[in-house]
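Printed here is protein07.txt (compact mmCIF, C-alpha atoms):
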# COMPACT_ATOMS: atom_id res chain seq x y z
CA MET A 70 174.29 30.61 112.14
CA ASP A 71 172.77 27.15 111.71
CA ASP A 72 175.34 24.59 110.47
CA GLY A 73 173.04 23.61 107.63
CA LEU A 74 173.34 27.11 106.17
CA ILE A 75 177.12 27.39 106.24
CA ARG A 76 178.62 27.43 102.76
CA SER A 77 182.31 27.09 102.02
CA ILE A 78 183.97 30.04 100.31
CA SER A 79 186.42 27.79 98.48
CA THR A 80 185.85 26.36 95.03
CA GLY A 81 185.16 22.75 94.12
CA LEU A 82 184.05 20.13 96.62
CA SER A 83 185.39 21.65 99.85
CA GLN A 84 185.11 18.48 101.88
CA ARG A 85 185.42 20.48 105.11
CA GLY A 86 182.41 22.61 104.22
CA VAL A 87 178.76 21.83 104.81
CA ARG A 88 176.04 21.76 102.16
CA ASP A 89 172.85 23.69 102.84
CA HIS A 90 169.58 21.96 103.65
CA ASN A 91 168.04 21.93 100.17
CA GLU A 92 171.26 20.68 98.59
CA ARG A 93 171.36 17.86 101.12
CA LEU A 94 167.70 17.11 100.44
CA LEU A 95 168.24 16.67 96.69
CA LEU A 96 171.41 14.62 97.18
CA SER A 97 169.59 12.37 99.67
CA LEU A 98 166.66 11.86 97.29
CA ILE A 99 169.00 10.88 94.46
CA GLN A 100 170.96 8.55 96.74
CA ARG A 101 167.84 6.75 97.96
CA HIS A 102 165.75 6.64 94.79
CA GLY A 103 168.36 6.70 92.03
CA GLY A 104 168.64 9.12 89.14
CA MET A 105 165.67 11.44 88.64
CA PRO A 106 164.95 14.39 86.37
CA ALA A 107 164.70 17.84 87.93
CA SER A 108 160.91 17.85 87.61
CA ASP A 109 160.56 14.68 89.73
CA LEU A 110 163.04 15.99 92.28
CA ALA A 111 161.02 19.21 92.56
CA LYS A 112 157.85 17.24 93.32
CA ARG A 113 159.48 14.97 95.90
CA ALA A 114 161.28 17.87 97.58
CA THR A 115 158.25 20.20 97.34
CA LEU A 116 160.50 22.90 95.90
CA SER A 117 159.86 25.06 92.86
CA PRO A 118 161.39 23.89 89.55
CA PRO A 119 163.55 27.05 89.24
CA THR A 120 164.92 26.49 92.75
CA VAL A 121 165.76 22.85 92.01
CA SER A 122 167.40 23.77 88.69
CA SER A 123 169.56 26.36 90.44
CA ILE A 124 170.63 23.91 93.14
CA LEU A 125 171.42 21.19 90.61
CA ARG A 126 173.63 23.58 88.66
CA ARG A 127 175.61 24.30 91.83
CA LEU A 128 175.93 20.63 92.62
CA GLU A 129 176.98 19.88 89.06
CA ASP A 130 179.59 22.63 89.14
CA ASP A 131 180.93 21.16 92.38
CA GLY A 132 181.24 17.72 90.80
CA LEU A 133 178.66 16.07 93.03
CA VAL A 134 176.01 15.27 90.41
CA LEU A 135 176.06 14.65 86.69
CA ARG A 136 173.53 14.30 83.91
CA GLY A 137 172.49 10.85 82.78
CA ASP A 138 171.40 9.80 79.32
CA PRO A 139 168.11 11.43 78.19
CA VAL A 140 165.07 9.19 78.54
CA ARG A 141 163.00 9.18 75.35
CA GLY A 142 159.70 7.59 74.37
CA LYS A 143 157.37 9.72 76.46
CA VAL A 144 155.19 12.65 75.46
CA GLY A 145 157.12 15.92 75.33
CA LYS A 146 160.83 16.56 75.50
CA PRO A 147 163.19 13.80 76.68
CA SER A 148 163.86 13.93 80.43
CA THR A 149 167.41 13.88 81.74
CA PRO A 150 167.97 12.11 85.07
CA MET A 151 170.40 13.66 87.53
CA LEU A 152 172.78 11.16 89.10
CA LEU A 153 175.29 11.21 91.92
CA ASP A 154 178.80 11.46 90.49
CA ALA A 155 180.72 8.45 91.83
CA GLU A 156 183.86 10.62 91.87
CA GLY A 157 182.11 13.36 93.83
CA ALA A 158 183.26 12.22 97.27
CA PHE A 159 185.22 9.42 98.92
CA SER A 160 185.33 8.19 102.48
CA PHE A 161 187.37 5.77 104.57
CA GLY A 162 185.69 3.29 106.88
CA LEU A 163 187.34 1.30 109.68
CA LYS A 164 185.84 -1.65 111.53
CA ILE A 165 187.56 -2.72 114.75
CA GLY A 166 186.27 -6.18 115.58
CA ARG A 167 187.06 -8.80 118.19
CA ARG A 168 188.79 -11.05 115.67
CA SER A 169 189.59 -8.79 112.73
CA ALA A 170 189.90 -5.22 111.50
CA GLU A 171 188.93 -3.91 108.09
CA LEU A 172 189.75 -0.65 106.32
CA VAL A 173 187.82 0.38 103.20
CA LEU A 174 187.44 3.32 100.85
CA ILE A 175 184.05 3.89 99.23
CA ASP A 176 182.98 6.37 96.58
CA PHE A 177 179.88 8.58 96.42
CA HIS A 178 177.84 5.61 95.13
CA GLY A 179 178.91 3.48 98.09
CA VAL A 180 181.01 1.27 95.81
CA LEU A 181 184.00 -0.33 97.51
CA ARG A 182 187.14 1.00 95.83
CA PHE A 183 189.81 -0.44 98.14
CA GLU A 184 189.88 -2.72 101.19
CA ARG A 185 192.49 -4.10 103.57
CA HIS A 186 192.12 -6.71 106.35
CA ILE A 187 193.98 -8.10 109.34
CA THR A 188 193.01 -10.86 111.77
CA TYR A 189 194.21 -11.39 115.34
CA PRO A 190 193.40 -13.26 118.56
CA HIS A 191 192.49 -9.89 120.09
CA PRO A 192 192.80 -6.24 118.97
CA HIS A 193 195.81 -4.44 120.41
CA PRO A 194 195.80 -0.62 120.06
CA ALA A 195 199.32 -0.35 118.62
CA GLN A 196 198.53 -2.97 115.98
CA ILE A 197 195.26 -1.29 115.01
CA PHE A 198 196.80 2.19 114.74
CA ASP A 199 199.67 0.88 112.62
CA PHE A 200 197.19 -0.93 110.37
CA VAL A 201 195.15 2.26 109.88
CA GLU A 202 198.14 4.53 109.23
CA THR A 203 199.83 2.24 106.73
CA GLY A 204 196.51 1.33 105.10
CA ILE A 205 195.38 4.91 104.52
CA ALA A 206 198.83 5.83 103.17
CA ALA A 207 198.84 2.86 100.78
CA ILE A 208 195.30 3.51 99.52
CA SER A 209 195.86 7.26 99.18
CA ALA A 210 198.96 6.62 97.08
CA GLN A 211 196.71 4.94 94.50
CA LEU A 212 194.36 7.93 94.24
CA SER A 213 194.78 10.93 91.99
CA VAL A 214 195.32 14.33 93.58
CA GLU A 215 191.70 15.24 92.76
CA GLN A 216 190.43 12.07 94.40
CA GLN A 217 192.57 12.66 97.48
CA ASN A 218 191.07 16.14 97.80
CA ARG A 219 187.59 14.63 97.76
CA VAL A 220 188.16 12.28 100.71
CA CYS A 221 185.90 13.62 103.44
CA GLY A 222 186.92 11.66 106.52
CA LEU A 223 187.30 8.36 108.36
CA GLY A 224 184.29 6.64 109.93
CA VAL A 225 185.10 4.17 112.72
CA ALA A 226 182.82 1.30 113.71
CA ALA A 227 183.65 -0.24 117.08
CA ALA A 228 181.77 -1.63 120.04
CA PHE A 229 181.20 0.82 122.86
CA GLU A 230 183.54 0.21 125.81
CA LEU A 231 186.11 -1.84 123.90
CA TRP A 232 187.80 -2.65 127.20
CA ASN A 233 184.66 -4.27 128.59
CA TRP A 234 184.32 -7.21 126.20
CA PRO A 235 183.64 -10.49 128.00
CA SER A 236 186.48 -12.96 128.41
CA ASP A 237 186.48 -16.46 126.96
CA ASN A 238 188.83 -19.38 126.41
CA THR A 239 190.83 -17.62 123.72
CA THR A 240 190.76 -13.97 124.76
CA GLY A 241 191.21 -12.66 128.29
CA ARG A 242 189.83 -9.37 129.56
CA PRO A 243 193.36 -7.93 130.29
CA ASP A 244 194.05 -7.94 126.55
CA PHE A 245 191.27 -5.38 126.09
CA ALA A 246 192.07 -3.21 129.11
CA ALA A 247 194.55 -1.03 127.20
CA TRP A 248 191.66 0.52 125.24
CA GLN A 249 190.21 2.15 128.37
CA LYS A 250 192.99 4.75 128.49
CA ILE A 251 192.76 5.68 124.80
CA ASP A 252 190.72 8.47 123.24
CA LEU A 253 190.08 6.69 119.96
CA GLN A 254 188.84 9.77 118.12
CA ASP A 255 191.75 12.01 119.09
CA GLU A 256 194.35 9.29 118.51
CA LEU A 257 193.12 8.47 115.01
CA GLN A 258 192.76 12.12 114.05
CA ASP A 259 196.35 12.81 115.13
CA ARG A 260 197.66 9.82 113.19
CA THR A 261 195.65 10.20 109.98
CA GLY A 262 194.87 13.91 109.71
CA GLN A 263 191.29 12.96 108.79
CA PRO A 264 188.06 14.09 110.49
CA ILE A 265 186.98 11.10 112.60
CA PHE A 266 183.39 9.93 113.02
CA LEU A 267 182.70 7.25 115.66
CA LEU A 268 179.68 4.96 115.76
CA ASN A 269 178.65 1.66 117.24
CA ASP A 270 179.75 -1.28 115.07
CA ALA A 271 176.33 -2.93 114.75
CA THR A 272 174.69 0.46 114.11
CA ALA A 273 177.22 0.96 111.32
CA ALA A 274 176.24 -2.38 109.79
CA CYS A 275 172.59 -1.34 110.00
CA GLN A 276 173.44 1.96 108.29
CA ALA A 277 175.13 0.12 105.41
CA GLU A 278 172.11 -2.14 104.98
CA HIS A 279 169.70 0.78 105.05
CA THR A 280 171.69 2.94 102.63
CA PHE A 281 172.91 0.36 100.13
CA GLY A 282 171.06 -2.89 100.81
CA ARG A 283 167.62 -4.37 101.30
CA GLY A 284 166.85 -1.94 104.08
CA LYS A 285 165.57 0.45 101.42
CA GLU A 286 162.53 -1.81 101.11
CA PHE A 287 161.25 -1.14 104.64
CA GLN A 288 160.26 1.89 106.72
CA ASP A 289 160.67 0.34 110.17
CA TYR A 290 162.70 -2.73 111.07
CA ALA A 291 165.06 -4.29 113.58
CA TYR A 292 168.44 -5.45 112.32
CA PHE A 293 170.64 -8.19 113.78
CA PHE A 294 174.30 -8.55 112.81
CA ILE A 295 176.10 -11.67 113.97
CA GLY A 296 179.85 -11.40 114.25
CA ALA A 297 182.14 -12.76 116.95
CA TYR A 298 179.41 -11.20 119.11
CA ILE A 299 175.86 -10.33 118.08
CA GLY A 300 174.66 -6.73 117.86
CA GLY A 301 171.91 -4.82 116.20
CA GLY A 302 170.33 -1.62 115.03
CA ILE A 303 166.87 -0.19 114.52
CA VAL A 304 165.30 1.83 111.72
CA LEU A 305 162.30 4.06 112.39
CA GLY A 306 160.56 6.23 109.84
CA ASN A 307 163.07 5.30 107.15
CA ALA A 308 166.09 6.42 109.20
CA VAL A 309 168.60 4.61 111.41
CA TYR A 310 167.82 5.56 115.01
CA GLU A 311 170.91 5.78 117.21
CA GLY A 312 169.38 7.05 120.45
CA ARG A 313 170.46 9.75 122.85
CA GLN A 314 173.89 8.21 123.49
CA GLY A 315 174.36 6.44 120.17
CA ASN A 316 173.66 3.00 121.64
CA ALA A 317 170.07 2.34 120.55
CA GLY A 318 169.49 -1.11 119.12
CA ALA A 319 171.89 -2.86 121.53
CA LEU A 320 170.05 -6.08 120.77
CA GLY A 321 172.89 -8.28 121.96
CA SER A 322 171.95 -7.27 125.51
CA LEU A 323 168.45 -8.77 125.26
CA ARG A 324 167.80 -11.30 128.01
CA SER A 325 167.79 -15.00 127.25
CA ILE A 326 167.59 -18.24 129.23
CA GLY A 327 170.75 -20.33 129.48
CA PRO A 328 170.96 -24.12 129.25
CA ASN A 329 170.58 -24.47 133.05
CA GLY A 330 167.75 -21.98 133.32
CA GLU A 331 169.99 -19.07 134.26
CA SER A 332 169.46 -15.55 132.95
CA MET A 333 171.91 -14.68 130.17
CA GLN A 334 172.27 -12.13 127.40
CA LEU A 335 171.58 -12.89 123.74
CA VAL A 336 175.26 -12.14 123.01
CA GLU A 337 176.15 -15.24 125.07
CA MET A 338 173.70 -17.47 123.21
CA ALA A 339 173.74 -16.43 119.55
CA SER A 340 177.22 -15.28 118.52
CA ILE A 341 179.96 -16.84 116.41
CA ARG A 342 181.95 -17.01 119.65
CA GLN A 343 179.85 -20.05 120.65
CA LEU A 344 180.91 -21.80 117.44
CA GLU A 345 184.54 -20.84 118.08
CA GLN A 346 184.34 -22.43 121.52
CA ARG A 347 182.94 -25.67 120.09
CA LEU A 348 185.82 -25.87 117.62
CA THR A 349 188.38 -25.18 120.35
CA GLU A 350 186.94 -27.98 122.48
CA VAL A 351 187.68 -30.50 119.71
CA ASP A 352 191.15 -29.06 118.95
CA LEU A 353 190.16 -27.33 115.72
CA ASP A 354 191.50 -23.86 114.93
CA PRO A 355 188.58 -21.37 115.15
CA ARG A 356 190.53 -18.77 113.16
CA GLN A 357 189.61 -20.56 109.94
CA LEU A 358 186.06 -19.23 110.33
CA TRP A 359 187.45 -15.73 109.66
CA THR A 360 190.20 -16.52 107.18
CA ASP A 361 188.67 -19.31 105.07
CA PRO A 362 184.98 -19.00 104.03
CA GLY A 363 185.04 -22.57 102.72
CA SER A 364 185.63 -23.85 106.25
CA TRP A 365 181.96 -23.26 107.08
CA ASP A 366 181.05 -26.07 104.67
CA ARG A 367 183.78 -28.41 105.86
CA LEU A 368 182.80 -27.83 109.48
CA SER A 369 179.09 -28.48 108.93
CA ARG A 370 179.12 -31.06 111.75
CA TYR A 371 179.68 -28.17 114.17
CA VAL A 372 178.06 -25.35 112.21
CA ASP A 373 174.67 -27.07 111.95
CA PRO A 374 173.93 -27.31 115.70
CA TRP A 375 175.20 -23.76 116.13
CA LEU A 376 172.76 -22.62 113.42
CA GLY A 377 169.91 -24.39 115.23
CA GLN A 378 170.62 -22.71 118.56
CA THR A 379 171.22 -19.29 116.98
CA ALA A 380 167.99 -19.50 114.98
CA GLN A 381 165.96 -20.36 118.07
CA GLU A 382 167.44 -17.47 120.02
CA LEU A 383 166.91 -15.03 117.15
CA SER A 384 163.28 -16.06 116.74
CA LYS A 385 162.58 -15.27 120.40
CA ALA A 386 164.56 -12.03 120.23
CA ALA A 387 162.74 -10.95 117.06
CA LEU A 388 159.34 -11.28 118.70
CA SER A 389 160.59 -9.59 121.87
CA VAL A 390 161.62 -6.43 120.02
CA CYS A 391 158.34 -6.46 118.10
CA SER A 392 156.47 -6.33 121.41
CA VAL A 393 157.97 -2.86 121.94
CA ILE A 394 157.71 -1.52 118.39
CA ASP A 395 155.64 -3.26 115.73
CA PHE A 396 158.45 -3.55 113.22
CA GLU A 397 157.35 -4.60 109.76
CA ALA A 398 160.48 -6.69 109.29
CA ILE A 399 163.48 -8.27 110.99
CA LEU A 400 166.68 -8.26 108.90
CA ILE A 401 169.48 -10.70 109.72
CA ASP A 402 173.05 -10.48 108.46
CA GLY A 403 176.46 -11.55 109.68
CA ALA A 404 180.13 -12.21 109.17
CA PHE A 405 179.66 -15.55 107.46
CA PRO A 406 179.19 -16.84 103.89
CA GLU A 407 175.93 -16.09 102.08
CA PRO A 408 174.63 -19.72 102.13
CA VAL A 409 174.96 -19.72 105.93
CA ARG A 410 172.99 -16.46 106.13
CA ILE A 411 170.22 -17.86 103.91
CA GLU A 412 169.99 -21.06 105.96
CA LEU A 413 169.89 -19.13 109.22
CA VAL A 414 167.08 -16.87 108.00
CA GLU A 415 165.03 -19.86 106.83
CA ARG A 416 165.39 -21.50 110.21
CA VAL A 417 164.39 -18.32 112.05
CA ARG A 418 161.26 -18.10 109.88
CA ARG A 419 160.32 -21.66 110.83
CA TYR A 420 160.96 -21.13 114.53
CA VAL A 421 158.95 -17.88 114.59
CA THR A 422 155.87 -19.79 113.44
CA THR A 423 156.15 -22.05 116.50
CA GLN A 424 156.31 -19.18 119.02
CA ASP A 425 153.42 -17.71 120.96
CA THR A 426 152.60 -14.54 118.97
CA ARG A 427 149.38 -13.52 120.71
CA GLY A 428 149.09 -9.73 120.76
CA LEU A 429 151.78 -9.31 118.12
CA ILE A 430 151.80 -8.62 114.40
CA GLN A 431 154.27 -11.16 113.09
CA PRO A 432 157.11 -9.43 111.17
CA LYS A 433 158.68 -10.51 107.94
CA ILE A 434 161.99 -12.31 108.51
CA GLU A 435 164.44 -11.31 105.79
CA ALA A 436 168.14 -11.71 105.00
CA GLY A 437 170.42 -8.70 104.93
CA SER A 438 172.41 -8.18 101.76
CA ILE A 439 175.74 -6.56 102.64
CA GLY A 440 177.45 -9.36 104.54
CA LYS A 441 180.80 -9.46 106.29
CA GLY A 442 181.91 -5.96 105.24
CA ALA A 443 178.75 -4.21 106.47
CA ARG A 444 180.37 -2.61 109.52
CA ALA A 445 183.27 -1.06 107.61
CA VAL A 446 181.04 0.13 104.75
CA GLY A 447 178.55 1.55 107.25
CA ALA A 448 181.34 3.39 109.01
CA ALA A 449 182.46 4.89 105.69
CA THR A 450 178.97 6.24 105.02
CA ARG A 451 179.11 8.45 108.12
CA PRO A 452 181.52 11.14 106.84
CA ILE A 453 179.58 11.35 103.55
CA ASP A 454 176.21 11.51 105.32
CA SER A 455 177.51 14.11 107.74
CA GLN A 456 178.59 16.49 105.00
CA PHE A 457 176.21 15.84 102.11
CA MET A 458 173.01 14.06 103.19
CA LEU A 459 170.07 14.72 105.48
Encoding of this model in structure tokens:
Amino acid sequence: MDDGLIRSISTGLSQRGVRDHNERLLLSLIQRHGGMPASDLAKRATLSPPTVSSILRRLEDDGLVLRGDPVRGKVGKPSTPMLLDAEGAFSFGLKIGRRSAELVLIDFHGVLRFERHITYPHPHPAQIFDFVETGIAAISAQLSVEQQNRVCGLGVAAAFELWNWPSDNTTGRPDFAAWQKIDLQDELQDRTGQPIFLLNDATAACQAEHTFGRGKEFQDYAYFFIGAYIGGGIVLGNAVYEGRQGNAGALGSLRSIGPNGESMQLVEMASIRQLEQRLTEVDLDPRQLWTDPGSWDRLSRYVDPWLGQTAQELSKAALSVCSVIDFEAILIDGAFPEPVRIELVERVRRYVTTQDTRGLIQPKIEAGSIGKGARAVGAATRPIDSQFML
């Protein structure tokens, strides 16, 4: 039997069950467009009103949707919008980064309920697993029994081939080698008892932007996320496209030209790692970039030239990806304060106008809206999407 048709025989949410196609369709429409009356849902879903009413009753009984306040002032009877119930489902999200890890719990609206952070020179498996175990236990202890029963899994956002990260002045490759022998999915499932969903970290950030941020405004776009290393994601036809092996949108691997004319990757030219190296060279602690947002202002002497270089590289990369697919927009986000993101986007816009755009339709250059927590939030959307959305 097709997975989309399997229905749980238990009562209530049954987070291990799978909703059928039409239930997923209505939940997805409400998630993307907000509360809508049954009549509007029927039109958008091209389903009959009786069918939609029947499905909504099931979803309401299962605690996944609820009725909003009636809307008056129009001809005929007041219409009642159907809304996602924020308490309908919960999901954990874990981001394993080069400099920090983050664990979050979101509700069915995507609202962040709890979050925990750690920073480190490099991620060691034992430290990460301890952080996840203790974090999930601490967060779960603050949930009611009903809320605990509605947790549907743990999404994990991490770079593919954790052991293959490039070395630099502060982090050597041997520190990452331990990850090569670890089955991350099996290890986390054994330790947490949760269903585990793995995805690329930058793809996760793109998913968060598309589900809860400005990505809703566009049908097709390329997304850049700048952390310790730069990554990306792509959206086609209003959906995040992950590719055959889940690694589509690996924009950090785009080719660039180094300062001496050598061929390099974008990740080596437009990542926060370059700023860290500049700080290290002048005996300043680069960890403050991750632990103290105000340091970006105080370090403007070093941040400003980094912004200039990063903006130039992003402008060239943006036009390169548009030569393959005519994206309507390029969205840029990162693990830095909002004013830095705004300044970076403005600079990219200016640099794009100076590039040779013959044969291209110039895309809009826009700022993302989720920020530093995008990867963890995007990871947390995966268990919910897997069980409730199309």
May I have the residues within 9 Å of segment 389-396 of chain A as an MDAnalysis selection string, using only C-alpha atoms and disregarding those fewer than 6 positions away in the same chain?
chainID A and resid 288:291 304:305 320 323 428:433
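With all atoms listed in the file as the atoms that count, the minimum distance from Gln216 of chain A to the choices A:Gly284, A:Gly296, A:Pro150, A:Gly132 is reached by A:Gly132.
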In terms of the shortest atom-to-atom distance over all atoms listed in the file, which of A:Ala339, A:Asp89, A:Ala398, A:Gly315 is closest to Pro374 of chain A?
A:Ala339
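Restricting the calculation to only C-alpha atoms, the smallest distance between Leu223 of chain A and any of A:Thr450, A:Ser148, A:Thr280, A:Asn269 is found for A:Thr450.
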If you count all atoms listed in the file, which residues fall within 9 Å of segment 170-182 of chain A, apart from same-chain ones fewer than 5 positions away, as JSON, numbers by chain?
{"A": [100, 133, 153, 154, 155, 156, 157, 158, 159, 160, 161, 162, 163, 164, 165, 187, 188, 189, 192, 197, 200, 201, 204, 205, 208, 220, 277, 280, 281, 442, 444, 445, 446, 449, 450, 453]}
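With atom CA of Ser123 of chain A on one side and atom CA of Arg451 of chain A on the other, the separation reads 26.9 Å.
For the pair atom CA of Gly224 of chain A and atom CA of Phe266 of chain A, the separation is 4.6 Å.
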Between atom CA of Phe457 of chain A and atom CA of Arg93 of chain A, what is the distance, to one decimal in Å?
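About the pair atom CA of Phe457 of chain A and atom CA of Arg93 of chain A: they are 5.3 Å apart.
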Skipping near chain neighbours, those fewer than 6 positions away, what residues fall within 12 Å of Ala195 of chain A using all atoms listed in the file, listed as an MDAnalysis selection string?
chainID A and resid 201:202 247:248 251 253 256:257 260
Could you list, as a list in words, every residue within 9 Å of Phe405 of chain A, counting all atoms listed in the file and ignoring same-chain residues fewer than 2 positions away?
Ile295, Gly296, Leu358, Trp359, Pro362, Trp365, Asp402, Gly403, Glu407, Pro408, Val409, Arg410, Gly440 and Lys441 of chain A
Near Pro147 of chain A, within 12 Å and counting all atoms listed in the file, which residues show up once chain neighbours fewer than 6 positions away are dropped, as a ChimeraX atom specification?
/A:106,108,137-141
Create the file for the chosen residues now, containing C-alpha atoms and written as a PDB file, keeping the file's coordinate frame.
ATOM      1  CA  PRO A 106     164.950  14.390  86.370  1.00  0.00           C
ATOM      2  CA  SER A 108     160.910  17.850  87.610  1.00  0.00           C
ATOM      3  CA  GLY A 137     172.490  10.850  82.780  1.00  0.00           C
ATOM      4  CA  ASP A 138     171.400   9.800  79.320  1.00  0.00           C
ATOM      5  CA  PRO A 139     168.110  11.430  78.190  1.00  0.00           C
ATOM      6  CA  VAL A 140     165.070   9.190  78.540  1.00  0.00           C
ATOM      7  CA  ARG A 141     163.000   9.180  75.350  1.00  0.00           C
TER       8      ARG A 141
END
Nearest to Asn218 of chain A: which of A:Gln263, A:Arg283, A:His90, A:Arg416 is it, counting all atoms listed in the file?
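Nearest to Asn218 of chain A: A:Gln263.
Using only C-alpha atoms, the nearest neighbour of Arg167 of chain A within the list A:Ala227, A:Ile124, A:Ala271, A:Met151 is A:Ala227.
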Counting only C-alpha atoms, which of A:Arg113, A:Phe229, A:Gly104, A:Thr272 gets nearest to Asn91 of chain A?
A:Arg113
Pop segment 373-384 of chain A out of the structure in the block and write N, CA and C atoms as a PDB file, in the first residue's frame.
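The resulting file, result15.pdb, is shown below:
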ATOM      1  N   ASP A 373      34.486  45.257   7.868  1.00  0.00           N
ATOM      2  CA  ASP A 373      34.161  45.994   6.636  1.00  0.00           C
ATOM      3  C   ASP A 373      34.885  45.444   5.404  1.00  0.00           C
ATOM      4  N   PRO A 374      36.204  45.211   5.458  1.00  0.00           N
ATOM      5  CA  PRO A 374      36.838  44.631   4.263  1.00  0.00           C
ATOM      6  C   PRO A 374      36.356  43.217   3.969  1.00  0.00           C
ATOM      7  N   TRP A 375      36.025  42.468   5.021  1.00  0.00           N
ATOM      8  CA  TRP A 375      35.457  41.131   4.795  1.00  0.00           C
ATOM      9  C   TRP A 375      34.117  41.235   4.071  1.00  0.00           C
ATOM     10  N   LEU A 376      33.286  42.201   4.468  1.00  0.00           N
ATOM     11  CA  LEU A 376      32.008  42.409   3.790  1.00  0.00           C
ATOM     12  C   LEU A 376      32.218  42.735   2.314  1.00  0.00           C
ATOM     13  N   GLY A 377      33.220  43.577   2.028  1.00  0.00           N
ATOM     14  CA  GLY A 377      33.485  43.950   0.639  1.00  0.00           C
ATOM     15  C   GLY A 377      33.856  42.749  -0.211  1.00  0.00           C
ATOM     16  N   GLN A 378      34.762  41.925   0.287  1.00  0.00           N
ATOM     17  CA  GLN A 378      35.174  40.741  -0.467  1.00  0.00           C
ATOM     18  C   GLN A 378      34.020  39.759  -0.620  1.00  0.00           C
ATOM     19  N   THR A 379      33.279  39.522   0.466  1.00  0.00           N
ATOM     20  CA  THR A 379      32.175  38.568   0.426  1.00  0.00           C
ATOM     21  C   THR A 379      31.099  39.016  -0.551  1.00  0.00           C
ATOM     22  N   ALA A 380      30.801  40.321  -0.556  1.00  0.00           N
ATOM     23  CA  ALA A 380      29.785  40.849  -1.460  1.00  0.00           C
ATOM     24  C   ALA A 380      30.210  40.677  -2.915  1.00  0.00           C
ATOM     25  N   GLN A 381      31.465  40.929  -3.213  1.00  0.00           N
ATOM     26  CA  GLN A 381      31.939  40.759  -4.587  1.00  0.00           C
ATOM     27  C   GLN A 381      31.818  39.308  -5.030  1.00  0.00           C
ATOM     28  N   GLU A 382      32.210  38.388  -4.158  1.00  0.00           N
ATOM     29  CA  GLU A 382      32.136  36.974  -4.510  1.00  0.00           C
ATOM     30  C   GLU A 382      30.684  36.521  -4.678  1.00  0.00           C
ATOM     31  N   LEU A 383      29.804  36.995  -3.810  1.00  0.00           N
ATOM     32  CA  LEU A 383      28.400  36.610  -3.905  1.00  0.00           C
ATOM     33  C   LEU A 383      27.752  37.163  -5.172  1.00  0.00           C
ATOM     34  N   SER A 384      28.135  38.351  -5.570  1.00  0.00           N
ATOM     35  CA  SER A 384      27.545  38.922  -6.784  1.00  0.00           C
ATOM     36  C   SER A 384      27.900  38.078  -8.002  1.00  0.00           C
TER      37      SER A 384
END
